[in-house]
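> Have a look at this one before I ask anything.
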Amino acid sequence: MAVDNAEIARQFNMYADLLEIKGENPFRIRAYRNGARVVSSLSENVVDLIQRGVDLSSLPGIGKDLAAKIEQIVRSGRLEVLESMKEHFSPELVEFMAIVGLGGKRTAAIHSSLGVQTLEQLEKAALEHKICKLPGFGEKIEKSILEGIQKARVKGKRVLLKEASQIAHFYLDYLQGSEAFLQVTAAGSYRRKKESVGDLDILAICKNVSDAVEHFCSYPEVSKILSRGQKKSSVLLRGGMQVDLRIIEKSSFGAALHYFTGSKAHNISMRRRGIRRGLKVNEYGIFRGEEKIAGEDEEEVYSALGLPWIEPELREDRGEIEAAQEQKLPVLVKRSDIRGDLHVHTNYTDGRASLEQMVEGAIRQGYSYVAITDHSKRITIANGMDERRLRGQLERIDKLNQSLSGFTILKGIEVDILEDGSLDLPDSVLKELDIVVCSVHSRFNLSSDKQTERIKRAMENRYFNIFAHPTGRLINRREPYLYDHNQIFITAGQRGCFLEVNSSPDRLDATDSMCHRAREAGVRFSVSTDAHAQGDYDNIGLGIGQARRGWLEASDVINTLSVGELKRILSEARL
């Protein structure tokens with residue numbers, strides 16, 4: 001049975017969720033979450049690695065136990081310990097952990113105290129004010145749980161862009177292996193690089209429609225065939241994602257790609273523009289009366305409406321059509337523009353690779369520099385560093401830099417912003433660093449006013465360079481904390497501070513809209529991976545997609561600069 005990386009990661013994460021609900025050892029829970037991240041970050045299918053005889057336990061963060069369990073999933077499609085544990089929990093109980101205000105411990109408390117198993121039971125308990133009476137809860141948490149339930153129902157089942165990318169990559173590769181297909185491409189929110197994806201839309205030009213449909217429905221990950229037709233077929237994958245195949249005529253492929261890429265709001269604005277010009281715009285083409293005047297490729301679709309082609313990431317009806325009309329579309333940042341990563345962890349704290357290995361990984365990415373930014377002492381669970389350990393790391397970096405040619409290791413730290421706005425390490429230590437990445441890792445529930453003042457005070461420290469993952473959200477799991485973004489944009493601009501686009505699959509933070517607004521306020525960004533292993537460097541593409549959705553150009557991103565230019569702007573902010 002063929003299993004893709006996303007399915008292995010899904011089963012590991014689900015098992016970690018159940019372990020958390022059960023109150024198991026946090027290090028065991030972390031091992032499975034790390035294993036899921038490692039598998040997700042691989043650019044090659046685990047099945048292919050096994051077939052080539054690769055020892056999976058040699059992968060960072062994958063010991064012999066996890067390697068054996070990966071092989072078990074590949075062989076049988078099932079993780080036995082997960083299947084055994086699932087017998088004691090309802091499937092919905094795991095989904096509680098995606099609700100704001102909940103997590104493993106609180107889910108376990110509600111389950112054991114109130115016998116809650118389903119979303120409906122959870123909502124009933126909250127409405128009857130039974131949750132707020134439990135130790136450690138209260139009315140505020142109960143209210144956030146109710147709000148989270150409503151949001152969970154609206155969002156429905158969506159997967160992270162990272163997982164969707166793996167599913168799309170392997171499915172498209174499978175389809176392209178058949179001679180029945182002449183052209184296949186993915187559309188929808190996946191093509192627009194949205195942070196999470198519901199269904200996957202695949203468009204195809206076919207040589208033999210019957211063979212193409214049969215091949216599509218025979219994909220090993222398919223758990224159920226929902227429909228099978230000459231124009232459209234739909235399947236459900238084992239992980240729960242629906243994939244739709246649409247067979248398109250060559251003469252309409254561009255119009256169909258535009259239509260099914262969306263967004264709906266963008267398409268409506270395009271249709272209105274067409275109506276004003278006496279044209280009909282749909283998935284089959286652009287028509288003047290009965291005459292089809294465009295449709296084979298996207299460029300001619302836009303051209304027929306008097307516009308240049310618009311990048312898919314911009315198609316959200318946020319002013320892109322007006323900008324295109326005025327020839328003011330941004331020249332969006334590209335992966336090739338990035339010259340270094342400014343947020344990287346090693347096994348000095350919670351990373352899974354050594355300093356030397358992370359440097360080697362950055363060099364293989366084609367970078368000319370990397371900033372090592374392990375955690376400061378406040379993050380005890382990540383083995384955060386105090387002044388003594390940090391200085392030991394800095395000495396090691398100095399020695400490594402002497403041995404490198406054409407590559408620079410920047411000395412940095414990810415330092416916690418404490419509740420009062422002070423930083424977790426003294427200025428006497430921070431001044432020795434090239435770069436200081438600052439983060440909020442605690443007290444997310446402060447009022448908007450207090451959180452705003454906390455961040456502003458931190459930014460007033462002359463050594464504050466980059467505000468990392470600046471909303472604190474975890475996609476589908478934790479809502480952003482509250483503060484006045486505009487005030488922070490103003491402070492960042494005055495102080496010469498930068499915001500981060502964090503490329504971690506479950507963060508993609510700053511959000512696209514925040515990027516757009518901050519850019520208009522004159523704020524610049526770093527696009528970094530928050531890498532904890534060499535494979536995490538590949539997540540830079542996710543961050544680039546987010547930056548592009550936020551209209552960022554290369555000039556808006558500081559790690560497109562040479563190391564000399566970067567050091568100059570970082571040092572100027574300290575004056």
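Note on naming: chains are A, B, ... as they come in the structure tokens, residues start from 1 per chain, ligands start from 1 in the order shown.
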I'd like to know which residues of stretch 425-545 of chain A are helix (DSSP H, G or I) (by DSSP, run on the backbone); could you write them as a ChimeraX atom specification?

/A:427-430,448-459,485-495,512-520,534-545

> With N, CA and C atoms retained, could you export that selection as a tab-separated table (two decimals), in the first residue's frame?


```
chain	number	residue	atom	x	y	z
A	427	ASP	N	21.34	43.99	27.84
A	427	ASP	CA	21.96	44.68	26.71
A	427	ASP	C	23.45	44.36	26.59
A	428	SER	N	24.11	44.10	27.72
A	428	SER	CA	25.54	43.81	27.70
A	428	SER	C	25.84	42.55	26.89
A	429	VAL	N	24.86	41.66	26.79
A	429	VAL	CA	25.02	40.45	25.97
A	429	VAL	C	24.52	40.71	24.55
A	430	LEU	N	23.36	41.37	24.43
A	430	LEU	CA	22.75	41.60	23.11
A	430	LEU	C	23.65	42.42	22.20
A	448	SER	N	-5.52	44.06	24.66
A	448	SER	CA	-4.89	44.67	23.48
A	448	SER	C	-3.99	45.83	23.88
A	449	ASP	N	-4.44	46.65	24.80
A	449	ASP	CA	-3.64	47.81	25.22
A	449	ASP	C	-2.34	47.36	25.88
A	450	LYS	N	-2.43	46.39	26.78
A	450	LYS	CA	-1.23	45.92	27.48
A	450	LYS	C	-0.26	45.22	26.54
A	451	GLN	N	-0.82	44.43	25.60
A	451	GLN	CA	0.06	43.73	24.65
A	451	GLN	C	0.75	44.74	23.73
A	452	THR	N	0.02	45.76	23.33
A	452	THR	CA	0.60	46.81	22.48
A	452	THR	C	1.75	47.51	23.18
A	453	GLU	N	1.54	47.89	24.44
A	453	GLU	CA	2.58	48.57	25.21
A	453	GLU	C	3.78	47.65	25.44
A	454	ARG	N	3.50	46.38	25.65
A	454	ARG	CA	4.57	45.39	25.85
A	454	ARG	C	5.50	45.35	24.63
A	455	ILE	N	4.90	45.26	23.44
A	455	ILE	CA	5.69	45.14	22.21
A	455	ILE	C	6.39	46.46	21.89
A	456	LYS	N	5.69	47.57	22.09
A	456	LYS	CA	6.30	48.89	21.83
A	456	LYS	C	7.52	49.11	22.72
A	457	ARG	N	7.39	48.76	23.99
A	457	ARG	CA	8.52	48.95	24.90
A	457	ARG	C	9.71	48.08	24.48
A	458	ALA	N	9.41	46.86	24.06
A	458	ALA	CA	10.49	45.98	23.60
A	458	ALA	C	11.20	46.58	22.39
A	459	MET	N	10.41	47.13	21.46
A	459	MET	CA	10.99	47.72	20.25
A	459	MET	C	11.84	48.95	20.55
A	485	HIS	N	-2.03	46.81	15.69
A	485	HIS	CA	-1.01	46.62	14.65
A	485	HIS	C	-0.47	47.95	14.14
A	486	ASN	N	-1.36	48.91	13.93
A	486	ASN	CA	-0.92	50.20	13.37
A	486	ASN	C	0.09	50.90	14.26
A	487	GLN	N	-0.12	50.83	15.58
A	487	GLN	CA	0.84	51.44	16.49
A	487	GLN	C	2.20	50.74	16.39
A	488	ILE	N	2.17	49.42	16.24
A	488	ILE	CA	3.43	48.67	16.13
A	488	ILE	C	4.11	48.97	14.80
A	489	PHE	N	3.33	49.13	13.73
A	489	PHE	CA	3.92	49.51	12.45
A	489	PHE	C	4.65	50.85	12.57
A	490	ILE	N	4.00	51.80	13.23
A	490	ILE	CA	4.59	53.14	13.40
A	490	ILE	C	5.88	53.04	14.21
A	491	THR	N	5.82	52.29	15.31
A	491	THR	CA	7.01	52.14	16.16
A	491	THR	C	8.13	51.44	15.42
A	492	ALA	N	7.79	50.39	14.68
A	492	ALA	CA	8.81	49.66	13.91
A	492	ALA	C	9.47	50.58	12.89
A	493	GLY	N	8.66	51.39	12.22
A	493	GLY	CA	9.21	52.32	11.24
A	493	GLY	C	10.13	53.35	11.87
A	494	GLN	N	9.73	53.88	13.02
A	494	GLN	CA	10.55	54.89	13.70
A	494	GLN	C	11.85	54.30	14.23
A	495	ARG	N	11.78	53.07	14.71
A	495	ARG	CA	12.93	52.44	15.34
A	495	ARG	C	13.84	51.66	14.40
A	512	ASP	N	-0.95	37.37	5.45
A	512	ASP	CA	-0.86	38.09	4.18
A	512	ASP	C	-1.40	39.51	4.30
A	513	SER	N	-2.54	39.68	4.99
A	513	SER	CA	-3.12	41.02	5.12
A	513	SER	C	-2.23	41.92	5.98
A	514	MET	N	-1.58	41.35	7.00
A	514	MET	CA	-0.67	42.13	7.83
A	514	MET	C	0.53	42.59	7.02
A	515	CYS	N	1.05	41.71	6.17
A	515	CYS	CA	2.17	42.09	5.29
A	515	CYS	C	1.77	43.27	4.42
A	516	HIS	N	0.58	43.18	3.84
A	516	HIS	CA	0.11	44.22	2.92
A	516	HIS	C	0.01	45.57	3.64
A	517	ARG	N	-0.60	45.55	4.83
A	517	ARG	CA	-0.80	46.81	5.56
A	517	ARG	C	0.53	47.37	6.08
A	518	ALA	N	1.40	46.50	6.56
A	518	ALA	CA	2.69	46.96	7.08
A	518	ALA	C	3.55	47.52	5.95
A	519	ARG	N	3.48	46.89	4.79
A	519	ARG	CA	4.24	47.40	3.63
A	519	ARG	C	3.79	48.80	3.27
A	520	GLU	N	2.47	49.02	3.28
A	520	GLU	CA	1.94	50.35	2.97
A	520	GLU	C	2.38	51.38	4.00
A	534	GLN	N	17.86	20.64	9.12
A	534	GLN	CA	18.26	21.03	7.77
A	534	GLN	C	17.09	21.00	6.79
A	535	GLY	N	16.22	20.01	6.92
A	535	GLY	CA	15.09	19.90	6.01
A	535	GLY	C	14.12	21.06	6.11
A	536	ASP	N	14.11	21.74	7.27
A	536	ASP	CA	13.19	22.87	7.45
A	536	ASP	C	13.52	24.05	6.54
A	537	TYR	N	14.76	24.13	6.06
A	537	TYR	CA	15.11	25.22	5.15
A	537	TYR	C	14.22	25.22	3.91
A	538	ASP	N	13.73	24.04	3.52
A	538	ASP	CA	12.89	23.96	2.33
A	538	ASP	C	11.55	24.66	2.50
A	539	ASN	N	11.19	24.96	3.75
A	539	ASN	CA	9.92	25.66	3.99
A	539	ASN	C	9.96	27.11	3.54
A	540	ILE	N	11.11	27.60	3.10
A	540	ILE	CA	11.21	29.00	2.67
A	540	ILE	C	10.21	29.30	1.56
A	541	GLY	N	9.89	28.30	0.74
A	541	GLY	CA	8.91	28.51	-0.33
A	541	GLY	C	7.54	28.87	0.21
A	542	LEU	N	7.17	28.32	1.37
A	542	LEU	CA	5.90	28.65	1.99
A	542	LEU	C	5.89	30.11	2.43
A	543	GLY	N	7.00	30.54	3.04
A	543	GLY	CA	7.10	31.93	3.47
A	543	GLY	C	7.10	32.90	2.30
A	544	ILE	N	7.77	32.50	1.22
A	544	ILE	CA	7.78	33.34	0.01
A	544	ILE	C	6.37	33.47	-0.54
A	545	GLY	N	5.62	32.37	-0.54
A	545	GLY	CA	4.23	32.43	-0.99
A	545	GLY	C	3.41	33.39	-0.15
```

> Can you tell me which residues surround A:Leu390 at a distance of at most 12 Å, considering only C-alpha atoms, apart from same-chain residues fewer than 4 positions away, and format the answer as a ChimeraX atom specification?

/A:348-349,372-377,383-386,394-397,411-415,425,429-430,432-433

> Can you list, as a ChimeraX atom specification, every residue of stretch 234-460 of chain A that DSSP puts in strand (DSSP E)?

/A:234-237,242-247,280-282,285-288,291-294,340-344,369-372,408-416,435-439

> For A:Val440, work out the shell of residues within 10 Å, counting only C-alpha atoms and skipping chain neighbours fewer than 5 positions away, then give it as a ChimeraX atom specification.

/A:415-419,421,451,454-455,467-472,481

> Excluding A:Val116 and residues on its chain fewer than 3 positions from it, collect all residues at most 12 Å away from it, counting only C-alpha atoms, and give them as number ranges by chain.

A: 89-90, 92-94, 96, 106-113, 119-126, 130-131

> For atom CA of A:Gly366 and atom CA of A:Glu553, quote the distance in Å rounded to one decimal.

20.1 Å

> One number please: atom CA of A:Ile569 to atom CA of A:Leu342, in Å, one decimal.

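These two atoms are separated by 13.9 Å.
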
> Give me, please, the distance in Å between atom CA of A:Asn34 and atom CA of A:Gly61, quoted to one decimal.

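Interatomic distance here is 6.4 Å.
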
> Please identify all polymer residues within 8 Å of A:Ile99, counting only C-alpha atoms, omitting same-chain residues fewer than 4 positions from it, and present them as a list in words.

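The contact residues come out as Glu95, Gly103, Ile145, Gly148, Ile149, Ala152, Asn476, Arg477 and Arg478 of chain A.
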
> Applying 9 Å and only C-alpha atoms, which residues near stretch 80-84 of chain A remain after dropping the ones on its own chain fewer than 4 positions away? List them as a PyMOL selection string.

chain A and resi 11-12+14-15+18+69+72-73+88

> For the residues selected in the previous step, produce a file with N, CA, C and O atoms as a JSON list (two decimals), in the first residue's frame.


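Final output, saved to part00.json:
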```
[["chain", "number", "residue", "atom", "x", "y", "z"],
["A", 11, "GLN", "N", -0.77, 10.82, 10.96],
["A", 11, "GLN", "CA", -0.94, 9.79, 11.97],
["A", 11, "GLN", "C", -0.05, 10.06, 13.18],
["A", 11, "GLN", "O", -0.47, 9.84, 14.33],
["A", 12, "PHE", "N", 1.16, 10.52, 12.96],
["A", 12, "PHE", "CA", 2.05, 10.87, 14.08],
["A", 12, "PHE", "C", 1.45, 12.02, 14.90],
["A", 12, "PHE", "O", 1.46, 11.98, 16.13],
["A", 14, "MET", "N", -1.70, 12.92, 15.12],
["A", 14, "MET", "CA", -2.91, 12.48, 15.81],
["A", 14, "MET", "C", -2.54, 11.67, 17.06],
["A", 14, "MET", "O", -3.16, 11.84, 18.13],
["A", 15, "TYR", "N", -1.51, 10.83, 16.94],
["A", 15, "TYR", "CA", -1.08, 10.06, 18.10],
["A", 15, "TYR", "C", -0.55, 10.99, 19.19],
["A", 15, "TYR", "O", -0.84, 10.80, 20.38],
["A", 18, "LEU", "N", -3.46, 12.53, 21.00],
["A", 18, "LEU", "CA", -4.08, 11.62, 21.97],
["A", 18, "LEU", "C", -3.20, 11.42, 23.19],
["A", 18, "LEU", "O", -3.71, 11.31, 24.32],
["A", 69, "LYS", "N", 8.14, 2.62, 13.21],
["A", 69, "LYS", "CA", 6.71, 2.96, 13.11],
["A", 69, "LYS", "C", 6.38, 3.57, 11.74],
["A", 69, "LYS", "O", 5.29, 3.37, 11.22],
["A", 72, "GLN", "N", 6.05, 0.73, 9.50],
["A", 72, "GLN", "CA", 4.79, 0.05, 9.79],
["A", 72, "GLN", "C", 3.64, 0.73, 9.05],
["A", 72, "GLN", "O", 2.78, 0.06, 8.46],
["A", 73, "ILE", "N", 3.61, 2.07, 9.07],
["A", 73, "ILE", "CA", 2.55, 2.80, 8.36],
["A", 73, "ILE", "C", 2.66, 2.57, 6.86],
["A", 73, "ILE", "O", 1.64, 2.38, 6.17],
["A", 88, "HIS", "N", -10.28, 4.36, 22.66],
["A", 88, "HIS", "CA", -10.68, 4.96, 23.94],
["A", 88, "HIS", "C", -11.18, 6.40, 23.79],
["A", 88, "HIS", "O", -11.58, 7.02, 24.77]]
```
